[in-house]
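Take a look at the structure set out below.
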Amino acid sequence: MSLDDTESGTPGTAAPAASPELRKVSDARTLRALAHPVRIALLEALSLGGAMTATEVGEQIGESPTTCSFHLRQLAKYGFVEEAGRGKGRARPWRMTSHGMEITNTHDDPEAEIAASALVSLIRERQLDRYRTWLETRASYPRRWRDAAEDAELVFHLTVEELEQLSEDLIALLRSRFPERNTDPSRRPPGSVPVEMLVLAYPLTLPPADGDDREVTS
């Protein structure tokens, strides 16, 4: 899951904003705490909409304020959200403490491996549901937006080292584009909307038994 935000630079300057370090999530307890559809929905909504009260975010994700308050407190317990000062009256807005996380793919701890797999599956299903919604509703979008949206499949024959490098290069490129717009709405040009891009890279067959897991020594 990557809800990338970064520190915003001074408006009007040409210097690119540096991408922040993503929070690394690897322990089984935290992974299990995140693996709940309401909590993932809350993080997604706060990432896109900024600070909101339990009532406001509940209206967006279709949950009651009581349910949202409970799950926001649980997310705060694990350091993912925090109170954002006082709102109107007794309302308490919540905001994310950081925008973006890195879920470790492999673990020595079997419990962490299971928890990570469950969390990633939940996140990917939500993302694919949004993609299916796009396919079902794309006819309602202007022609230029339909043409700009990409849907492609590419197959390469790569070594594990080449796949590692390609993945690193792609993610570095994508994270370097427009990072300040997530944290600073004033940097978003008129007409811009949230755009989700999924990058999935995986081998289609098992590698040769003697080829890819050997230690590299110098």
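Within each chain, counting starts at residue 1; across the structure tokens, chains are named A, B, ... in the order shown, with ligands numbered 1 upward in that order.
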Can you build me a table of region 89-153 of chain A residues sitting at most 12 Å from region 60-70 of chain A, with the closest atom pair per residue and its distance in Å to one decimal, using only C-alpha atoms, sorted by chain and residue number, as JSON lines?
```
{"residue": "A:Ala91", "atom": "CA", "partner": "A:Pro65", "partner_atom": "CA", "distance": 11.0}
{"residue": "A:Arg92", "atom": "CA", "partner": "A:Ser69", "partner_atom": "CA", "distance": 9.8}
{"residue": "A:Pro93", "atom": "CA", "partner": "A:Ser69", "partner_atom": "CA", "distance": 10.4}
{"residue": "A:Trp94", "atom": "CA", "partner": "A:Ser69", "partner_atom": "CA", "distance": 9.6}
```
Can those selected residues be exported to a file as an mmCIF file, in the first residue's frame so that it contains C-alpha atoms?
```cif
data_model
loop_
_atom_site.group_PDB
_atom_site.id
_atom_site.type_symbol
_atom_site.label_atom_id
_atom_site.label_comp_id
_atom_site.auth_asym_id
_atom_site.auth_seq_id
_atom_site.Cartn_x
_atom_site.Cartn_y
_atom_site.Cartn_z
ATOM 1 C CA ALA A 91 -15.673 17.631 17.097
ATOM 2 C CA ARG A 92 -12.172 16.133 16.944
ATOM 3 C CA PRO A 93 -10.583 15.938 13.497
ATOM 4 C CA TRP A 94 -8.117 13.134 12.787
#
```
Checklist line | Met96 (chain A) environment, 9 Å, only C-alpha atoms, sequence neighbours closer than 5 positions dropped, as a PyMOL selection string | finding: chain A and resi 43+46-47+50-51+76+79-84
Next item on the list: Could you find all residues in region 21-211 of chain A that DSSP calls strand (DSSP E or B) from the backbone, and write them as a count of residues only?
Entry: 13
Check: Neighbours of region 112-116 of chain A within 12 Å (only C-alpha atoms; same-chain residues fewer than 6 positions away dropped), as a PyMOL selection string?
Finding: chain A and resi 1+24-36+102-106+122-123
Notebook entry, point to check: What's the 12 Å shell around Thr137 (chain A), counting only C-alpha atoms, without same-chain residues fewer than 6 positions away, as a ChimeraX atom specification?
Noted result: /A:130-131,146
Next item on the list: Kindly give the distance, in Å, that separates CA of Leu72 (chain A) and CA of Gly100 (chain A), rounded to a single decimal.
Entry: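 Atom-to-atom, CA of Leu72 (chain A) and CA of Gly100 (chain A) are spaced 16.9 Å apart.
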Next item on the list: Would you kindly return, as a PyMOL selection string, each protein, DNA or RNA residue with an atom no farther than 12 Å from any atom of Arg124 (chain A), considering only C-alpha atoms and excluding same-chain residues fewer than 3 positions away?
Entry: chain A and resi 1-2+35+37+40+117-121+127-131+197-200
With N, CA and C atoms retained, export the selected residues as an mmCIF file, in the first residue's frame.
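The new file out29.cif reads:
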```
data_model
loop_
_atom_site.group_PDB
_atom_site.id
_atom_site.type_symbol
_atom_site.label_atom_id
_atom_site.label_comp_id
_atom_site.auth_asym_id
_atom_site.auth_seq_id
_atom_site.Cartn_x
_atom_site.Cartn_y
_atom_site.Cartn_z
ATOM 1 N N MET A 1 0.853 -1.179 0.000
ATOM 2 C CA MET A 1 0.000 0.000 0.000
ATOM 3 C C MET A 1 0.887 1.226 0.000
ATOM 4 N N SER A 2 0.570 2.167 -0.896
ATOM 5 C CA SER A 2 1.373 3.370 -0.920
ATOM 6 C C SER A 2 0.472 4.573 -1.069
ATOM 7 N N ALA A 35 -5.068 -4.983 9.113
ATOM 8 C CA ALA A 35 -5.818 -5.836 8.193
ATOM 9 C C ALA A 35 -7.306 -5.853 8.525
ATOM 10 N N PRO A 37 -10.970 -3.961 6.877
ATOM 11 C CA PRO A 37 -11.439 -3.122 5.770
ATOM 12 C C PRO A 37 -11.794 -1.696 6.185
ATOM 13 N N ILE A 40 -8.479 0.301 6.667
ATOM 14 C CA ILE A 40 -7.869 0.641 5.381
ATOM 15 C C ILE A 40 -8.679 1.745 4.696
ATOM 16 N N SER A 117 0.489 -11.183 4.200
ATOM 17 C CA SER A 117 -0.250 -11.689 3.049
ATOM 18 C C SER A 117 -1.719 -11.298 3.129
ATOM 19 N N ALA A 118 -2.309 -11.400 4.325
ATOM 20 C CA ALA A 118 -3.716 -11.036 4.502
ATOM 21 C C ALA A 118 -3.926 -9.542 4.261
ATOM 22 N N LEU A 119 -3.008 -8.720 4.764
ATOM 23 C CA LEU A 119 -3.132 -7.272 4.593
ATOM 24 C C LEU A 119 -2.992 -6.867 3.129
ATOM 25 N N VAL A 120 -1.977 -7.398 2.456
ATOM 26 C CA VAL A 120 -1.770 -7.056 1.052
ATOM 27 C C VAL A 120 -2.956 -7.516 0.202
ATOM 28 N N SER A 121 -3.485 -8.692 0.492
ATOM 29 C CA SER A 121 -4.652 -9.185 -0.254
ATOM 30 C C SER A 121 -5.844 -8.250 -0.084
ATOM 31 N N GLN A 127 -8.190 -2.075 -4.281
ATOM 32 C CA GLN A 127 -7.698 -1.379 -5.466
ATOM 33 C C GLN A 127 -8.308 -1.947 -6.741
ATOM 34 N N LEU A 128 -8.402 -3.269 -6.825
ATOM 35 C CA LEU A 128 -8.995 -3.888 -8.010
ATOM 36 C C LEU A 128 -10.484 -3.594 -8.112
ATOM 37 N N ASP A 129 -11.159 -3.452 -6.963
ATOM 38 C CA ASP A 129 -12.566 -3.054 -6.987
ATOM 39 C C ASP A 129 -12.715 -1.662 -7.595
ATOM 40 N N ARG A 130 -11.787 -0.754 -7.260
ATOM 41 C CA ARG A 130 -11.835 0.584 -7.851
ATOM 42 C C ARG A 130 -11.566 0.525 -9.356
ATOM 43 N N TYR A 131 -10.673 -0.374 -9.753
ATOM 44 C CA TYR A 131 -10.391 -0.536 -11.181
ATOM 45 C C TYR A 131 -11.630 -1.069 -11.908
ATOM 46 N N MET A 197 -2.456 4.517 -9.703
ATOM 47 C CA MET A 197 -1.677 3.722 -10.644
ATOM 48 C C MET A 197 -1.128 2.506 -9.910
ATOM 49 N N LEU A 198 -1.420 1.321 -10.401
ATOM 50 C CA LEU A 198 -0.923 0.086 -9.814
ATOM 51 C C LEU A 198 0.261 -0.418 -10.629
ATOM 52 N N VAL A 199 1.318 -0.790 -9.953
ATOM 53 C CA VAL A 199 2.476 -1.395 -10.612
ATOM 54 C C VAL A 199 2.644 -2.796 -10.038
ATOM 55 N N LEU A 200 2.375 -3.804 -10.828
ATOM 56 C CA LEU A 200 2.473 -5.194 -10.396
ATOM 57 C C LEU A 200 3.533 -5.885 -11.241
#
```
Next item on the list: Would you please extract all alpha helix (DSSP H) residues from region 17-110 of chain A, as assigned by DSSP on the backbone, and give them as an MDAnalysis selection string?
Entry: chainID A and resid 28:34 37:49 54:61 65:77 110
Put those residues in a file: C-alpha atoms, as a PDB file, in the first residue's frame.
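Done, and the output landed in part-v7.pdb:
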```
ATOM      1  CA  ALA A  28       2.899  -9.306  12.940  1.00  0.00           C
ATOM      2  CA  ARG A  29       0.994  -7.329  15.584  1.00  0.00           C
ATOM      3  CA  THR A  30       0.890  -4.121  13.539  1.00  0.00           C
ATOM      4  CA  LEU A  31       0.140  -5.987  10.310  1.00  0.00           C
ATOM      5  CA  ARG A  32      -2.834  -7.717  11.954  1.00  0.00           C
ATOM      6  CA  ALA A  33      -4.064  -4.404  13.373  1.00  0.00           C
ATOM      7  CA  LEU A  34      -4.131  -2.881   9.883  1.00  0.00           C
ATOM      8  CA  PRO A  37     -11.439  -3.122   5.770  1.00  0.00           C
ATOM      9  CA  VAL A  38     -12.722  -0.166   7.818  1.00  0.00           C
ATOM     10  CA  ARG A  39      -9.208   0.809   8.914  1.00  0.00           C
ATOM     11  CA  ILE A  40      -7.869   0.641   5.381  1.00  0.00           C
ATOM     12  CA  ALA A  41     -10.863   2.682   4.177  1.00  0.00           C
ATOM     13  CA  LEU A  42     -10.158   5.296   6.872  1.00  0.00           C
ATOM     14  CA  LEU A  43      -6.507   5.602   5.855  1.00  0.00           C
ATOM     15  CA  GLU A  44      -7.457   5.935   2.189  1.00  0.00           C
ATOM     16  CA  ALA A  45     -10.051   8.628   2.943  1.00  0.00           C
ATOM     17  CA  LEU A  46      -7.747  10.650   5.223  1.00  0.00           C
ATOM     18  CA  SER A  47      -4.936  10.376   2.701  1.00  0.00           C
ATOM     19  CA  LEU A  48      -7.066  11.883  -0.053  1.00  0.00           C
ATOM     20  CA  GLY A  49      -9.242  14.275   1.969  1.00  0.00           C
ATOM     21  CA  ALA A  54     -15.240  10.591  12.620  1.00  0.00           C
ATOM     22  CA  THR A  55     -18.587  11.849  11.344  1.00  0.00           C
ATOM     23  CA  GLU A  56     -17.110  13.392   8.195  1.00  0.00           C
ATOM     24  CA  VAL A  57     -14.979  10.407   7.272  1.00  0.00           C
ATOM     25  CA  GLY A  58     -17.843   8.063   8.135  1.00  0.00           C
ATOM     26  CA  GLU A  59     -20.037   9.798   5.552  1.00  0.00           C
ATOM     27  CA  GLN A  60     -17.367   9.172   2.941  1.00  0.00           C
ATOM     28  CA  ILE A  61     -16.827   5.484   3.640  1.00  0.00           C
ATOM     29  CA  PRO A  65     -19.337   7.834  13.543  1.00  0.00           C
ATOM     30  CA  THR A  66     -19.169   5.367  16.437  1.00  0.00           C
ATOM     31  CA  THR A  67     -17.556   2.694  14.263  1.00  0.00           C
ATOM     32  CA  CYS A  68     -15.117   5.194  12.787  1.00  0.00           C
ATOM     33  CA  SER A  69     -14.179   6.581  16.217  1.00  0.00           C
ATOM     34  CA  PHE A  70     -13.328   3.102  17.466  1.00  0.00           C
ATOM     35  CA  HIS A  71     -11.148   2.233  14.493  1.00  0.00           C
ATOM     36  CA  LEU A  72      -9.478   5.660  14.462  1.00  0.00           C
ATOM     37  CA  ARG A  73      -8.474   5.138  18.089  1.00  0.00           C
ATOM     38  CA  GLN A  74      -7.029   1.757  17.166  1.00  0.00           C
ATOM     39  CA  LEU A  75      -5.070   3.299  14.281  1.00  0.00           C
ATOM     40  CA  ALA A  76      -3.822   5.993  16.675  1.00  0.00           C
ATOM     41  CA  LYS A  77      -2.682   3.281  19.092  1.00  0.00           C
ATOM     42  CA  PRO A 110       5.683 -17.189   9.919  1.00  0.00           C
TER      43      PRO A 110
END
```
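For the pair CA of His107 (chain A) and CA of Leu22 (chain A), the interatomic distance is 18.2 Å.
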Next item on the list: Compile the contact shell of Ser192 (chain A) as number ranges by chain: residues with an atom at most 12 Å away, counting only C-alpha atoms, same-chain residues fewer than 6 positions apart removed.
Entry: A: 145, 178, 181-182, 185-186
